[in-house]
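Here the structure comes first, spelled out in structure tokens, and everything after it is commentary.
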Amino acid sequence: QVQLVESGGGLVQTGGSLRLSCAASGSIFRFNIMGWYRQAPGKQRELVAAITTGGSTNYADSVKGRFTASRDNARNMLYLQMNSLKPEDTAVYYCNTEPWRYWGQGTGQGTQVTVSS
């Protein structure tokens with residue numbers, strides 16, 4: 001059964017922080033590289049961060065040094081710590097495998113992050 005449900009978004013001021021969470025089903029989480037994606041209005045979805053089962057990470061240049069992805073393999077949870085937020089980080093954030101493989105039932109609607117200037 002597919003479960004990918006994001007939470008933790010909100011409205012913050014420039015320079016603020018948020019921590020996003022993603023609850024995933026074990027069948028997806030256990031063996032896959034996981035990714036955090038975002039999509040801003042009028043823009044294509046982009047990969048923000050990816051994390052392997054062993055915890056190795058890669059980040060988009062635009063978030064390097066500000067965002068940190070982590071995972072709790074025992075709890076099937078994925079996290080994204082976002083610091084020094086900028087207005088251009090405003091988007092709906094999603095979790096999925098990397099590459100993206102799951103759509104529809106069981107996947108979340110994303111979580112909205114809005115950064116005010």
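By convention here, the chains of the structure tokens are called A, B, ... in the order presented, each chain's residues are numbered starting at 1, and ligands are numbered starting at 1 in the order presented.
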Write out as a ChimeraX atom specification which residues come within 10 Å of stretch 75-90 of chain A when counting only C-alpha atoms, dropping same-chain ones fewer than 5 positions away.
/A:4-8,10-30,34-36,38-41,48-49,51,62-63,65-70,95-96,112-117
DSSP strand (DSSP E) residues within chain A, listed as a ChimeraX atom specification:
/A:4-7,10-13,18-24,34-39,46-51,57-59,67-72,77-82,91-97,111-116
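Across the model, the gap from atom CA of A:Phe31 to atom CA of A:Gln109 is 23.0 Å.
Interatomic distance, atom CA of A:Ala74 against atom CA of A:Ile33: 15.2 Å.
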Point out the residue among A:Ala91, A:Arg45, A:Ala60, A:Arg101 with the least atom-to-atom distance to A:Gly9, counting only C-alpha atoms.
A:Ala91
I need the residues of chain A that end up classed as alpha helix (DSSP H) by DSSP on the backbone, written out as an NGL selection string.
:A and (26-29)
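Rounded to one decimal, atom CA of A:Ser56 and atom CA of A:Tyr94 lie 19.2 Å from each other.
In this comparison, which uses only C-alpha atoms, the residue of A:Thr53, A:Thr97, A:Gln44, A:Thr111 approaching A:Gln3 most closely is A:Thr97.
Comparing the minimum interatomic distances between A:Gly110 and each of A:Ala50, A:Asn32, A:Asn58, A:Tyr37, counting only C-alpha atoms, we find that A:Tyr37 sits nearest.
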